[in-house]
file run21.cif (mmCIF, C-alpha atoms and all ligand atoms)
data_final
loop_
_atom_site.label_atom_id
_atom_site.label_comp_id
_atom_site.auth_asym_id
_atom_site.auth_seq_id
_atom_site.Cartn_x
_atom_site.Cartn_y
_atom_site.Cartn_z
CA MET A 1 3.81 10.54 -17.64
CA ALA A 2 3.04 6.94 -16.73
CA ASP A 3 -0.43 5.46 -16.83
CA PHE A 4 -1.78 3.08 -14.19
CA ILE A 5 -4.62 0.69 -13.56
CA ILE A 6 -5.07 0.25 -9.83
CA ARG A 7 -6.83 -3.08 -9.63
CA GLY A 8 -9.41 -4.08 -7.05
CA ALA A 9 -9.05 -1.22 -4.59
CA ARG A 10 -11.85 -0.60 -2.10
CA VAL A 11 -12.52 3.10 -2.70
CA LEU A 12 -13.43 4.65 0.67
CA GLY A 13 -13.77 1.10 1.99
CA GLY A 14 -16.48 0.13 -0.53
CA ASP A 15 -16.57 -2.83 -2.92
CA PRO A 16 -13.45 -3.58 -4.98
CA SER A 17 -13.18 -1.64 -8.24
CA ASP A 18 -10.47 -0.45 -10.62
CA LEU A 19 -9.06 3.07 -10.73
CA HIS A 20 -7.55 4.29 -14.00
CA VAL A 21 -4.87 6.98 -14.04
CA SER A 22 -3.56 8.81 -17.09
CA ASP A 23 -1.61 12.06 -17.34
CA GLY A 24 -2.03 12.74 -13.65
CA VAL A 25 -5.80 12.50 -13.75
CA LEU A 26 -8.37 9.80 -12.95
CA VAL A 27 -9.86 8.58 -16.22
CA ALA A 28 -12.54 6.08 -17.23
CA SER A 29 -10.06 3.87 -19.05
CA ALA A 30 -6.27 4.04 -19.02
CA PRO A 31 -4.47 3.72 -22.37
CA ASP A 32 -2.99 0.41 -23.51
CA GLY A 33 0.29 -0.36 -21.83
CA ALA A 34 -0.77 1.13 -18.50
CA GLU A 35 1.11 -0.33 -15.55
CA VAL A 36 -1.05 -2.53 -13.31
CA VAL A 37 -0.92 -1.99 -9.56
CA GLU A 38 -2.56 -4.84 -7.64
CA ALA A 39 -4.63 -3.35 -4.83
CA ASP A 40 -6.49 -6.43 -3.65
CA GLY A 41 -7.72 -5.81 -0.12
CA LEU A 42 -6.38 -2.26 -0.04
CA ILE A 43 -8.44 0.79 0.84
CA ALA A 44 -8.14 3.71 -1.60
CA LEU A 45 -8.50 7.16 -0.09
CA PRO A 46 -7.98 10.60 -1.62
CA GLY A 47 -4.45 11.85 -0.92
CA LEU A 48 -4.28 13.04 2.67
CA VAL A 49 -3.89 16.75 3.39
CA ASP A 50 -2.19 17.94 6.58
CA LEU A 51 -3.10 21.40 7.82
CA HIS A 52 -0.38 21.39 10.48
CA THR A 53 3.17 20.21 9.73
CA HIS A 54 6.50 21.54 11.01
CA LEU A 55 9.14 21.14 8.28
CA ARG A 56 11.77 23.21 10.17
CA GLU A 57 13.36 24.64 7.03
CA PRO A 58 14.74 27.28 6.93
CA GLY A 59 16.81 27.30 10.09
CA ARG A 60 16.59 23.91 11.81
CA GLU A 61 17.73 21.60 9.05
CA ASP A 62 19.25 19.36 11.74
CA ALA A 63 15.68 18.49 12.82
CA GLU A 64 13.96 18.30 9.43
CA THR A 65 14.15 19.69 5.91
CA VAL A 66 11.47 20.22 3.33
CA GLU A 67 12.96 17.20 1.54
CA SER A 68 12.92 14.84 4.56
CA GLY A 69 9.63 16.09 5.98
CA THR A 70 7.78 15.71 2.69
CA GLN A 71 9.26 12.21 2.30
CA ALA A 72 7.75 11.38 5.68
CA ALA A 73 4.49 12.92 4.49
CA ALA A 74 4.40 10.75 1.35
CA ARG A 75 5.14 7.66 3.45
CA GLY A 76 2.16 8.59 5.60
CA GLY A 77 -0.17 8.89 2.61
CA PHE A 78 -0.14 12.69 2.39
CA THR A 79 -0.14 14.52 -0.93
CA ALA A 80 -0.25 18.04 0.52
CA VAL A 81 1.01 19.55 3.75
CA HIS A 82 0.81 23.02 5.26
CA ALA A 83 4.23 24.04 6.55
CA MET A 84 4.03 25.96 9.81
CA ALA A 85 5.63 29.39 10.05
CA ASN A 86 7.78 28.93 13.19
CA THR A 87 11.01 28.54 11.23
CA GLU A 88 14.23 30.58 11.51
CA PRO A 89 13.73 33.07 9.96
CA VAL A 90 10.02 33.05 10.65
CA ALA A 91 7.79 32.72 7.57
CA ASP A 92 6.42 36.22 7.97
CA THR A 93 7.27 37.67 4.54
CA ALA A 94 6.46 36.83 0.92
CA GLY A 95 10.16 35.99 0.48
CA VAL A 96 10.25 33.24 3.10
CA VAL A 97 6.92 31.63 2.16
CA GLU A 98 7.99 31.60 -1.50
CA GLN A 99 11.27 29.94 -0.51
CA VAL A 100 9.45 27.15 1.37
CA TRP A 101 6.94 26.74 -1.46
CA ARG A 102 9.76 26.48 -4.01
CA LEU A 103 11.68 23.93 -1.90
CA GLY A 104 8.51 21.85 -1.78
CA ARG A 105 8.15 21.94 -5.56
CA GLU A 106 11.79 20.95 -6.03
CA ALA A 107 11.51 18.04 -3.58
CA GLY A 108 8.38 16.80 -5.35
CA HIS A 109 7.22 14.31 -2.68
CA CYS A 110 4.03 16.20 -1.89
CA ASP A 111 2.65 19.67 -2.41
CA VAL A 112 3.76 22.18 0.22
CA ARG A 113 1.47 25.03 1.18
CA PRO A 114 3.31 27.43 3.47
CA VAL A 115 1.49 28.90 6.44
CA GLY A 116 2.25 32.59 7.00
CA ALA A 117 2.95 34.05 10.43
CA VAL A 118 0.25 36.32 11.87
CA THR A 119 2.72 38.63 13.61
CA VAL A 120 6.25 39.73 12.73
CA GLY A 121 8.72 37.22 14.14
CA LEU A 122 5.85 35.49 16.01
CA ALA A 123 6.47 38.22 18.56
CA GLY A 124 2.80 39.11 18.97
CA GLN A 125 3.46 42.84 18.54
CA GLN A 126 2.59 43.83 14.97
CA LEU A 127 0.83 42.16 12.07
CA ALA A 128 3.03 40.53 9.44
CA GLU A 129 2.55 41.32 5.72
CA LEU A 130 -0.45 39.02 5.37
CA GLY A 131 -1.61 40.48 2.06
CA ALA A 132 1.81 40.16 0.42
CA MET A 133 2.03 36.50 1.50
CA ALA A 134 -1.48 35.87 0.14
CA ASP A 135 -0.57 37.49 -3.19
CA SER A 136 2.80 35.72 -3.45
CA ALA A 137 3.46 32.64 -5.59
CA ALA A 138 2.86 30.58 -2.43
CA GLN A 139 -0.76 31.84 -2.29
CA VAL A 140 -0.92 31.67 1.49
CA ARG A 141 -4.42 31.26 2.90
CA VAL A 142 -3.63 29.91 6.38
CA PHE A 143 -1.95 32.22 8.88
CA SER A 144 -0.69 31.12 12.28
CA ASP A 145 1.77 32.04 15.00
CA ASP A 146 1.71 28.35 15.97
CA GLY A 147 4.09 27.57 18.79
CA LYS A 148 2.83 30.83 20.25
CA CYS A 149 -0.66 32.16 20.85
CA VAL A 150 -1.87 35.41 19.33
CA SER A 151 -2.85 36.45 22.84
CA ASP A 152 -3.44 40.18 22.22
CA ALA A 153 -7.17 40.46 21.51
CA VAL A 154 -6.78 43.59 19.39
CA LEU A 155 -4.14 41.99 17.16
CA MET A 156 -6.25 38.86 16.84
CA ARG A 157 -9.25 40.97 15.85
CA ARG A 158 -7.21 42.85 13.23
CA ALA A 159 -5.79 39.65 11.81
CA LEU A 160 -9.28 38.13 11.51
CA GLU A 161 -10.49 41.28 9.77
CA TYR A 162 -7.52 41.49 7.43
CA VAL A 163 -7.69 37.94 6.03
CA LYS A 164 -11.32 38.31 4.99
CA ALA A 165 -10.14 40.21 1.89
CA PHE A 166 -8.54 37.06 0.45
CA ASP A 167 -10.63 34.35 2.12
CA GLY A 168 -7.84 33.48 4.55
CA VAL A 169 -8.13 31.84 7.94
CA ILE A 170 -6.35 32.44 11.24
CA ALA A 171 -5.19 29.16 12.80
CA GLN A 172 -4.85 29.83 16.51
CA HIS A 173 -2.51 28.04 18.92
CA ALA A 174 -4.89 28.51 21.85
CA GLN A 175 -2.71 28.95 24.93
CA GLU A 176 -3.25 31.76 27.42
CA PRO A 177 0.38 32.66 28.18
CA ARG A 178 0.01 33.84 31.77
CA LEU A 179 -1.90 30.69 32.75
CA THR A 180 0.81 28.46 31.30
CA GLU A 181 4.06 30.04 32.46
CA GLY A 182 6.53 27.22 33.01
CA ALA A 183 3.84 24.64 32.24
CA GLN A 184 5.07 21.09 31.61
CA MET A 185 2.09 18.74 31.47
CA ASN A 186 -1.68 18.59 31.90
CA GLU A 187 -2.70 20.25 35.17
CA GLY A 188 -4.38 17.77 37.47
CA GLU A 189 -3.84 15.45 40.37
CA LEU A 190 -1.06 13.71 38.45
CA SER A 191 0.97 16.87 37.72
CA GLY A 192 0.91 17.60 41.45
CA ARG A 193 2.11 14.11 42.26
CA LEU A 194 4.88 14.20 39.64
CA GLY A 195 5.97 17.69 40.61
CA LEU A 196 5.63 19.02 37.07
CA ALA A 197 4.05 22.45 36.55
CA GLY A 198 0.49 22.15 35.22
CA TRP A 199 -0.93 23.39 31.87
CA PRO A 200 -4.61 23.81 32.77
CA ALA A 201 -7.44 23.08 30.34
CA VAL A 202 -8.80 26.56 30.98
CA ALA A 203 -5.72 28.12 29.35
CA GLU A 204 -6.83 26.58 26.04
CA GLU A 205 -10.54 27.03 26.56
CA ALA A 206 -10.35 30.71 27.54
CA ILE A 207 -8.63 31.61 24.25
CA ILE A 208 -11.06 29.52 22.19
CA ALA A 209 -14.03 31.18 23.90
CA ARG A 210 -12.59 34.62 23.21
CA ASP A 211 -11.67 33.83 19.62
CA VAL A 212 -14.99 32.31 18.54
CA LEU A 213 -16.65 35.49 19.83
CA LEU A 214 -14.14 37.63 17.94
CA ALA A 215 -14.64 35.59 14.76
CA GLU A 216 -18.38 36.03 15.08
CA HIS A 217 -18.00 39.75 15.74
CA VAL A 218 -15.92 40.41 12.64
CA GLY A 219 -17.52 37.70 10.46
CA SER A 220 -14.27 35.96 9.68
CA ARG A 221 -12.88 32.42 9.62
CA LEU A 222 -11.14 30.99 12.69
CA HIS A 223 -9.40 27.62 12.86
CA VAL A 224 -8.38 26.13 16.22
CA CYS A 225 -5.15 24.14 16.20
CA HIS A 226 -4.62 20.94 18.21
CA VAL A 227 -7.78 20.94 20.35
CA SER A 228 -7.01 18.85 23.42
CA THR A 229 -9.74 19.18 26.05
CA ALA A 230 -13.37 18.13 26.48
CA GLY A 231 -14.24 21.71 27.38
CA SER A 232 -12.80 22.97 24.09
CA VAL A 233 -14.98 20.50 22.18
CA GLU A 234 -18.02 21.83 24.05
CA LEU A 235 -17.14 25.45 23.22
CA ILE A 236 -16.64 24.69 19.54
CA ARG A 237 -19.91 22.75 19.43
CA TRP A 238 -21.65 25.76 20.95
CA ALA A 239 -20.01 28.22 18.55
CA LYS A 240 -20.90 26.12 15.50
CA ALA A 241 -24.50 25.88 16.67
CA LYS A 242 -24.52 29.70 16.75
CA GLY A 243 -23.23 29.81 13.17
CA VAL A 244 -19.68 31.00 13.91
CA ALA A 245 -17.25 30.18 11.05
CA VAL A 246 -14.97 28.13 13.26
CA THR A 247 -13.18 24.91 12.33
CA ALA A 248 -10.97 22.76 14.52
CA GLU A 249 -8.39 20.02 14.41
CA ALA A 250 -7.44 17.13 16.68
CA CYS A 251 -4.01 15.51 16.54
CA PRO A 252 -3.47 11.75 16.43
CA HIS A 253 -1.56 11.75 19.73
CA HIS A 254 -4.44 13.48 21.52
CA LEU A 255 -6.81 10.82 20.14
CA LEU A 256 -4.76 7.92 21.51
CA LEU A 257 -2.43 8.87 24.38
CA THR A 258 -3.11 10.21 27.86
CA ASP A 259 -1.31 12.28 30.50
CA GLU A 260 -0.54 9.14 32.50
CA LEU A 261 2.44 8.65 30.17
CA ALA A 262 4.08 11.65 31.84
CA ALA A 263 4.65 9.39 34.86
CA THR A 264 7.51 7.83 32.88
CA TYR A 265 9.22 11.25 32.90
CA ASP A 266 10.19 10.40 29.32
CA PRO A 267 10.09 13.67 27.33
CA ILE A 268 9.07 11.74 24.23
CA TYR A 269 5.55 12.36 25.66
CA LYS A 270 6.09 16.09 26.14
CA VAL A 271 3.95 18.04 23.70
CA ASN A 272 2.08 21.32 23.46
CA PRO A 273 -0.79 21.24 24.26
CA PRO A 274 -0.08 18.38 26.64
CA LEU A 275 -1.53 14.88 26.59
CA ARG A 276 -4.76 15.09 28.58
CA THR A 277 -7.01 12.67 30.49
CA GLY A 278 -8.91 9.64 29.23
CA ALA A 279 -12.14 11.66 29.45
CA ASP A 280 -10.63 14.32 27.17
CA VAL A 281 -9.58 11.64 24.68
CA GLU A 282 -13.14 10.28 24.67
CA ALA A 283 -14.59 13.76 24.08
CA LEU A 284 -12.16 14.45 21.22
CA ARG A 285 -13.05 11.16 19.56
CA ALA A 286 -16.77 11.89 19.91
CA GLY A 287 -16.26 15.43 18.59
CA LEU A 288 -14.32 14.16 15.58
CA ALA A 289 -17.00 11.54 14.93
CA ASP A 290 -19.90 14.03 15.00
CA GLY A 291 -18.03 16.71 13.01
CA THR A 292 -17.58 19.23 15.83
CA ILE A 293 -13.88 18.67 15.25
CA ASP A 294 -13.53 19.01 11.48
CA ILE A 295 -10.18 17.38 10.81
CA VAL A 296 -7.20 15.38 11.99
CA ALA A 297 -3.95 17.33 11.67
CA THR A 298 -0.63 15.81 12.62
CA ASP A 299 1.29 18.68 14.27
CA HIS A 300 4.35 16.71 13.09
CA ALA A 301 7.00 18.39 15.27
CA PRO A 302 10.49 16.96 14.69
CA HIS A 303 13.19 17.64 17.28
CA PRO A 304 16.79 16.41 17.23
CA HIS A 305 17.73 13.95 19.91
CA GLU A 306 19.71 16.46 22.00
CA ASP A 307 16.50 18.52 22.42
CA LYS A 308 14.52 15.48 23.56
CA ASP A 309 17.07 13.24 25.32
CA CYS A 310 17.28 15.33 28.49
CA GLU A 311 15.29 15.84 31.64
CA TRP A 312 11.59 16.52 31.15
CA ALA A 313 11.65 20.21 32.08
CA ALA A 314 14.49 21.01 29.68
CA ALA A 315 13.12 19.04 26.70
CA ALA A 316 11.39 20.55 23.67
CA PHE A 317 7.64 20.20 23.16
CA GLY A 318 6.51 18.13 20.20
CA MET A 319 6.37 14.72 18.52
CA LEU A 320 6.50 13.22 15.03
CA GLY A 321 3.20 12.43 13.38
CA LEU A 322 3.13 12.16 9.59
CA GLU A 323 4.07 8.51 9.15
CA THR A 324 1.79 7.15 11.87
CA ALA A 325 -1.28 9.40 11.51
CA LEU A 326 -3.44 7.04 9.45
CA SER A 327 -2.62 4.07 11.68
CA VAL A 328 -3.46 6.02 14.83
CA VAL A 329 -6.73 7.18 13.27
CA GLN A 330 -7.55 3.59 12.34
CA GLU A 331 -6.80 2.44 15.89
CA SER A 332 -8.68 5.25 17.67
CA MET A 333 -11.55 6.00 15.28
CA VAL A 334 -12.13 3.22 12.71
CA ASP A 335 -11.45 0.07 14.71
CA THR A 336 -13.55 1.55 17.53
CA GLY A 337 -16.50 1.97 15.14
CA LEU A 338 -16.59 5.76 15.49
CA LEU A 339 -15.70 6.60 11.88
CA ASP A 340 -15.86 4.70 8.59
CA TRP A 341 -13.35 5.15 5.75
CA ALA A 342 -15.52 7.75 4.06
CA GLY A 343 -15.34 9.65 7.33
CA VAL A 344 -11.56 9.32 7.36
CA ALA A 345 -11.44 10.71 3.79
CA ASP A 346 -13.45 13.68 4.98
CA ARG A 347 -11.46 14.40 8.16
CA MET A 348 -8.03 13.83 6.59
CA SER A 349 -8.47 15.00 2.98
CA TYR A 350 -11.65 16.83 1.93
CA ALA A 351 -12.09 19.00 4.99
CA PRO A 352 -8.44 20.06 5.52
CA ALA A 353 -8.17 20.97 1.81
CA ARG A 354 -11.34 23.03 2.12
CA ILE A 355 -10.14 24.86 5.25
CA GLY A 356 -6.74 25.55 3.67
CA ARG A 357 -8.35 26.52 0.33
CA VAL A 358 -6.18 24.01 -1.52
CA ALA A 359 -8.17 23.81 -4.73
CA ASP A 360 -6.70 20.72 -6.39
CA HIS A 361 -6.48 18.44 -3.34
CA GLY A 362 -9.16 16.83 -1.23
CA ARG A 363 -11.14 15.86 -4.33
CA PRO A 364 -13.27 12.71 -4.60
CA LEU A 365 -11.74 9.74 -6.42
CA GLU A 366 -13.81 10.35 -9.56
CA VAL A 367 -13.08 10.55 -13.27
CA GLY A 368 -11.68 13.95 -14.18
CA GLN A 369 -10.17 14.63 -10.75
CA PRO A 370 -6.42 14.91 -10.12
CA ALA A 371 -4.96 11.51 -9.22
CA HIS A 372 -3.90 12.20 -5.63
CA LEU A 373 -4.55 9.01 -3.69
CA VAL A 374 -3.31 6.62 -1.05
CA LEU A 375 -3.58 2.82 -1.00
CA TYR A 376 -3.73 1.53 2.54
CA ASP A 377 -3.72 -1.98 3.98
CA PRO A 378 -5.82 -1.95 7.17
CA SER A 379 -5.38 -5.68 7.83
CA VAL A 380 -1.74 -5.79 8.90
CA ARG A 381 -0.23 -4.79 12.23
CA ARG A 382 3.28 -3.45 12.64
CA THR A 383 5.55 -2.37 15.45
CA VAL A 384 6.68 1.22 15.01
CA ASP A 385 10.42 1.43 14.47
CA PRO A 386 11.70 5.02 14.58
CA THR A 387 14.82 4.11 12.60
CA GLU A 388 12.60 3.37 9.58
CA SER A 389 11.29 6.93 9.51
CA ALA A 390 12.11 9.26 6.62
CA SER A 391 12.21 12.11 9.12
CA LEU A 392 15.59 13.41 10.24
CA SER A 393 14.27 13.21 13.80
CA ARG A 394 13.29 10.18 15.85
CA ASN A 395 10.86 11.60 18.41
CA THR A 396 7.87 9.33 17.84
CA PRO A 397 5.84 8.46 20.94
CA TYR A 398 4.78 5.18 19.29
CA ALA A 399 8.21 3.51 19.14
CA GLY A 400 7.83 -0.17 19.99
CA LEU A 401 4.04 0.10 19.96
CA GLU A 402 2.02 -2.12 17.66
CA LEU A 403 -0.35 -0.18 15.40
CA PRO A 404 -2.71 -1.33 12.65
CA GLY A 405 -2.30 -0.62 8.96
CA ARG A 406 0.34 0.28 6.44
CA VAL A 407 0.52 2.81 3.62
CA VAL A 408 1.29 0.73 0.53
CA ALA A 409 1.29 3.46 -2.12
CA THR A 410 0.80 7.19 -2.48
CA PHE A 411 0.14 8.89 -5.82
CA LEU A 412 0.72 12.60 -6.37
CA ARG A 413 -0.81 13.84 -9.64
CA GLY A 414 -0.73 10.28 -10.95
CA ARG A 415 2.92 9.76 -10.04
CA PRO A 416 3.80 7.25 -7.30
CA THR A 417 5.71 8.91 -4.48
CA VAL A 418 5.50 5.65 -2.52
CA LEU A 419 5.07 2.18 -4.00
CA ASP A 420 5.20 -1.13 -2.10
CA GLY A 421 5.76 0.99 0.98
CA LYS A 422 8.97 2.45 -0.43
CA LEU A 423 9.74 6.02 -1.44
CA GLN A 424 10.02 6.42 -5.20
N1 LIG B 1 3.31 20.99 19.31
C1 LIG B 1 4.48 21.14 19.88
O1 LIG B 1 4.66 20.65 20.98
N2 LIG B 1 5.50 21.80 19.30
C2 LIG B 1 5.44 22.55 18.08
C3 LIG B 1 4.79 23.88 18.24
C4 LIG B 1 3.28 23.84 18.34
O2 LIG B 1 2.62 23.12 17.59
O3 LIG B 1 2.71 24.57 19.13
C5 LIG B 1 6.86 22.71 17.56
O4 LIG B 1 7.10 23.57 16.68
O5 LIG B 1 7.74 21.94 18.00
ZN ZN B 2 0.76 24.83 18.47
ZN ZN B 3 2.43 22.91 15.68
#
call {"tool": "encode", "arguments": {"input": "run21.cif", "output": "structure tokens"}}
result
Amino acid sequence: MADFIIRGARVLGGDPSDLHVSDGVLVASAPDGAEVVEADGLIALPGLVDLHTHLREPGREDAETVESGTQAAARGGFTAVHAMANTEPVADTAGVVEQVWRLGREAGHCDVRPVGAVTVGLAGQQLAELGAMADSAAQVRVFSDDGKCVSDAVLMRRALEYVKAFDGVIAQHAQEPRLTEGAQMNEGELSGRLGLAGWPAVAEEAIIARDVLLAEHVGSRLHVCHVSTAGSVELIRWAKAKGVAVTAEACPHHLLLTDELAATYDPIYKVNPPLRTGADVEALRAGLADGTIDIVATDHAPHPHEDKDCEWAAAAFGMLGLETALSVVQESMVDTGLLDWAGVADRMSYAPARIGRVADHGRPLEVGQPAHLVLYDPSVRRTVDPTESASLSRNTPYAGLELPGRVVATFLRGRPTVLDGKLQ
């Protein structure tokens, strides 16, 4: 395995120093002959960890594969991603999660931790084999019916109880189904004007309120996916103050974009939960800054062009996120003064690894730790070009938009997966 001296990197945005890498680990001094990587002016962060990625394999390899999705992850600075269970077949058995885990190992661009479905076929009727998925080679710790809400309170309670045995967590897609039938965009004055059916904030908040109470009742861990409203932030703040073991994520698009984009009727902006108001964006940013929202997760949701290039109501929900996440976080959180780079390391590496119980990721950049890291240039600006993406899909909402920053290099266990901005 190659050895590296990463010269003059600003670790977590601090003063320039050298990082030495040997045999996949950070060491005090790399052996003679180590390759020098000039990192003048670059920020070094621990390898990013995504708790919410859709890789689409098995079943929708036209939209993304484990290979292409993990290439996009590496290009975004990620060294580990959690692959959501809403594949075809659904990842609701030890067999499917092991298949996804193995594909990730073979691809080798970043570590893949499969998420297991909570219910068989995401149908919300009976619990999937959670224990078998936990005990499998994939060592599943995060369970989610993402794409659908575990809306049955009894099933949700049982799932929360069940995962306690192996320190698992239920990641809830908080969407009250009856309140969101046919929903297309954020419910408000604008949805009325545009004639698009509304997805009210209360449909998210009602499930979060119920679930934090359930998590408290059974003493289990709850994680809330893609929090999108100011009211949800308030509920999570309240639950944490009470000592409930709840964690939460915000997605880059909810930190930057608002529902006003729906006025274009361009389905590139159609996502679940929907883009919300400017006041919601402000509340999410404040919640992420003060730790009420624990992490940023991408909800990278690739869709082929035929599922997006159609009228709004017929289009699929979801947008790409892996390759632009760090830039959007810089724009919305760092350049606004809300979070420093140490805070970014926490929200995008340490905390997601902790929630997902990924033992060898999300570690500080210290001697003896695995060499998972990203070198990032915050000083450049670039216009997002979807054709440059490693993803098989092109549905980025940032196309043509200028964003700050660029991932220069990503190291996975001391091996560059990206160098000079290029996949290795
Ligand atoms: N976020 C989305 O709009 N879509 C996701 C599902 C989900 O995250 O709920 C997808 O799988 O496409
Ligand atoms: Zn979801
Ligand atoms: Zn999702």
call {"tool": "atom_distance", "arguments": {"input": "run21.cif", "atom1": "CA of Gly198 (chain A)", "atom2": "CA of Asn272 (chain A)"}}
result
11.9 Å
call {"tool": "closest_residue", "arguments": {"input": "run21.cif", "among": "A:Phe411, A:Phe166, A:Tyr398, A:Phe317", "to": "ligand ZN 2 (chain B)", "atoms": "only C-alpha atoms and all ligand atoms"}}
result
A:Phe317
call {"tool": "residues_near_point", "arguments": {"input": "run21.cif", "point": "(-10.2, 15.6, 31.0)", "cutoff": "12 Å", "atoms": "all atoms listed in the file", "output": "PyMOL selection string"}}
result
chain A and resi 186-190+200-202+228-233+254+258-260+274-284
call {"tool": "residues_around", "arguments": {"input": "run21.cif", "residues": "Gln71 (chain A)", "least_positions_apart": "4", "cutoff": "8 Å", "atoms": "all atoms listed in the file", "output": "list in words"}}
result
Glu67, Arg75, His109, Cys110, Ala390, Ser391 and Leu423 of chain A
call {"tool": "closest_residue", "arguments": {"input": "run21.cif", "among": "A:His82, A:His20, A:His226, A:Lys164", "to": "ligand LIG 1 (chain B)", "atoms": "only C-alpha atoms and all ligand atoms"}}
result
A:His226
call {"tool": "atom_distance", "arguments": {"input": "run21.cif", "atom1": "CA of Ile236 (chain A)", "atom2": "CA of Leu326 (chain A)"}}
result
24.2 Å
call {"tool": "decode", "arguments": {"input": "run21.cif", "residues": "region 198-256 of chain A", "atoms": "C-alpha atoms", "output": "PDB file, in the first residue's frame"}}
result
ATOM      1  CA  GLY A 198     -50.084  20.777  -0.775  1.00  0.00           C
ATOM      2  CA  TRP A 199     -47.831  18.684   1.534  1.00  0.00           C
ATOM      3  CA  PRO A 200     -48.472  20.378   4.889  1.00  0.00           C
ATOM      4  CA  ALA A 201     -45.782  20.810   7.544  1.00  0.00           C
ATOM      5  CA  VAL A 202     -48.085  19.139  10.046  1.00  0.00           C
ATOM      6  CA  ALA A 203     -47.858  15.849   8.140  1.00  0.00           C
ATOM      7  CA  GLU A 204     -44.160  15.699   9.054  1.00  0.00           C
ATOM      8  CA  GLU A 205     -44.495  17.190  12.510  1.00  0.00           C
ATOM      9  CA  ALA A 206     -47.338  14.904  13.635  1.00  0.00           C
ATOM     10  CA  ILE A 207     -45.242  11.787  12.964  1.00  0.00           C
ATOM     11  CA  ILE A 208     -42.159  13.253  14.658  1.00  0.00           C
ATOM     12  CA  ALA A 209     -44.213  14.167  17.733  1.00  0.00           C
ATOM     13  CA  ARG A 210     -45.645  10.656  17.907  1.00  0.00           C
ATOM     14  CA  ASP A 211     -42.309   8.956  17.332  1.00  0.00           C
ATOM     15  CA  VAL A 212     -40.275  10.889  19.896  1.00  0.00           C
ATOM     16  CA  LEU A 213     -42.926   9.917  22.453  1.00  0.00           C
ATOM     17  CA  LEU A 214     -42.747   6.286  21.332  1.00  0.00           C
ATOM     18  CA  ALA A 215     -38.940   6.327  21.473  1.00  0.00           C
ATOM     19  CA  GLU A 216     -39.100   7.725  24.989  1.00  0.00           C
ATOM     20  CA  HIS A 217     -41.715   5.166  26.015  1.00  0.00           C
ATOM     21  CA  VAL A 218     -39.677   2.176  24.888  1.00  0.00           C
ATOM     22  CA  GLY A 219     -36.239   3.688  25.602  1.00  0.00           C
ATOM     23  CA  SER A 220     -34.941   3.213  22.092  1.00  0.00           C
ATOM     24  CA  ARG A 221     -33.090   5.207  19.444  1.00  0.00           C
ATOM     25  CA  LEU A 222     -35.036   7.172  16.823  1.00  0.00           C
ATOM     26  CA  HIS A 223     -33.504   9.027  13.884  1.00  0.00           C
ATOM     27  CA  VAL A 224     -35.584  11.475  11.843  1.00  0.00           C
ATOM     28  CA  CYS A 225     -34.786  11.593   8.125  1.00  0.00           C
ATOM     29  CA  HIS A 226     -34.771  14.801   6.067  1.00  0.00           C
ATOM     30  CA  VAL A 227     -36.255  17.246   8.578  1.00  0.00           C
ATOM     31  CA  SER A 228     -37.752  20.097   6.568  1.00  0.00           C
ATOM     32  CA  THR A 229     -39.872  22.378   8.752  1.00  0.00           C
ATOM     33  CA  ALA A 230     -39.320  24.903  11.544  1.00  0.00           C
ATOM     34  CA  GLY A 231     -41.942  23.091  13.614  1.00  0.00           C
ATOM     35  CA  SER A 232     -40.014  19.817  13.331  1.00  0.00           C
ATOM     36  CA  VAL A 233     -36.879  21.540  14.626  1.00  0.00           C
ATOM     37  CA  GLU A 234     -38.878  22.817  17.605  1.00  0.00           C
ATOM     38  CA  LEU A 235     -40.239  19.334  18.375  1.00  0.00           C
ATOM     39  CA  ILE A 236     -36.799  17.742  18.204  1.00  0.00           C
ATOM     40  CA  ARG A 237     -35.351  20.484  20.410  1.00  0.00           C
ATOM     41  CA  TRP A 238     -38.101  19.784  22.942  1.00  0.00           C
ATOM     42  CA  ALA A 239     -37.586  16.014  22.808  1.00  0.00           C
ATOM     43  CA  LYS A 240     -33.819  16.322  23.268  1.00  0.00           C
ATOM     44  CA  ALA A 241     -34.327  18.624  26.243  1.00  0.00           C
ATOM     45  CA  LYS A 242     -36.474  15.848  27.759  1.00  0.00           C
ATOM     46  CA  GLY A 243     -33.674  13.336  27.204  1.00  0.00           C
ATOM     47  CA  VAL A 244     -35.263  11.370  24.352  1.00  0.00           C
ATOM     48  CA  ALA A 245     -32.657   9.448  22.287  1.00  0.00           C
ATOM     49  CA  VAL A 246     -33.600  11.183  19.056  1.00  0.00           C
ATOM     50  CA  THR A 247     -31.237  12.326  16.313  1.00  0.00           C
ATOM     51  CA  ALA A 248     -32.098  14.153  13.115  1.00  0.00           C
ATOM     52  CA  GLU A 249     -30.751  15.041   9.712  1.00  0.00           C
ATOM     53  CA  ALA A 250     -31.155  17.980   7.348  1.00  0.00           C
ATOM     54  CA  CYS A 251     -30.477  17.675   3.626  1.00  0.00           C
ATOM     55  CA  PRO A 252     -28.387  20.178   1.662  1.00  0.00           C
ATOM     56  CA  HIS A 253     -31.319  21.122  -0.585  1.00  0.00           C
ATOM     57  CA  HIS A 254     -33.485  21.989   2.420  1.00  0.00           C
ATOM     58  CA  LEU A 255     -30.669  24.211   3.723  1.00  0.00           C
ATOM     59  CA  LEU A 256     -30.416  26.223   0.506  1.00  0.00           C
TER      60      LEU A 256
END
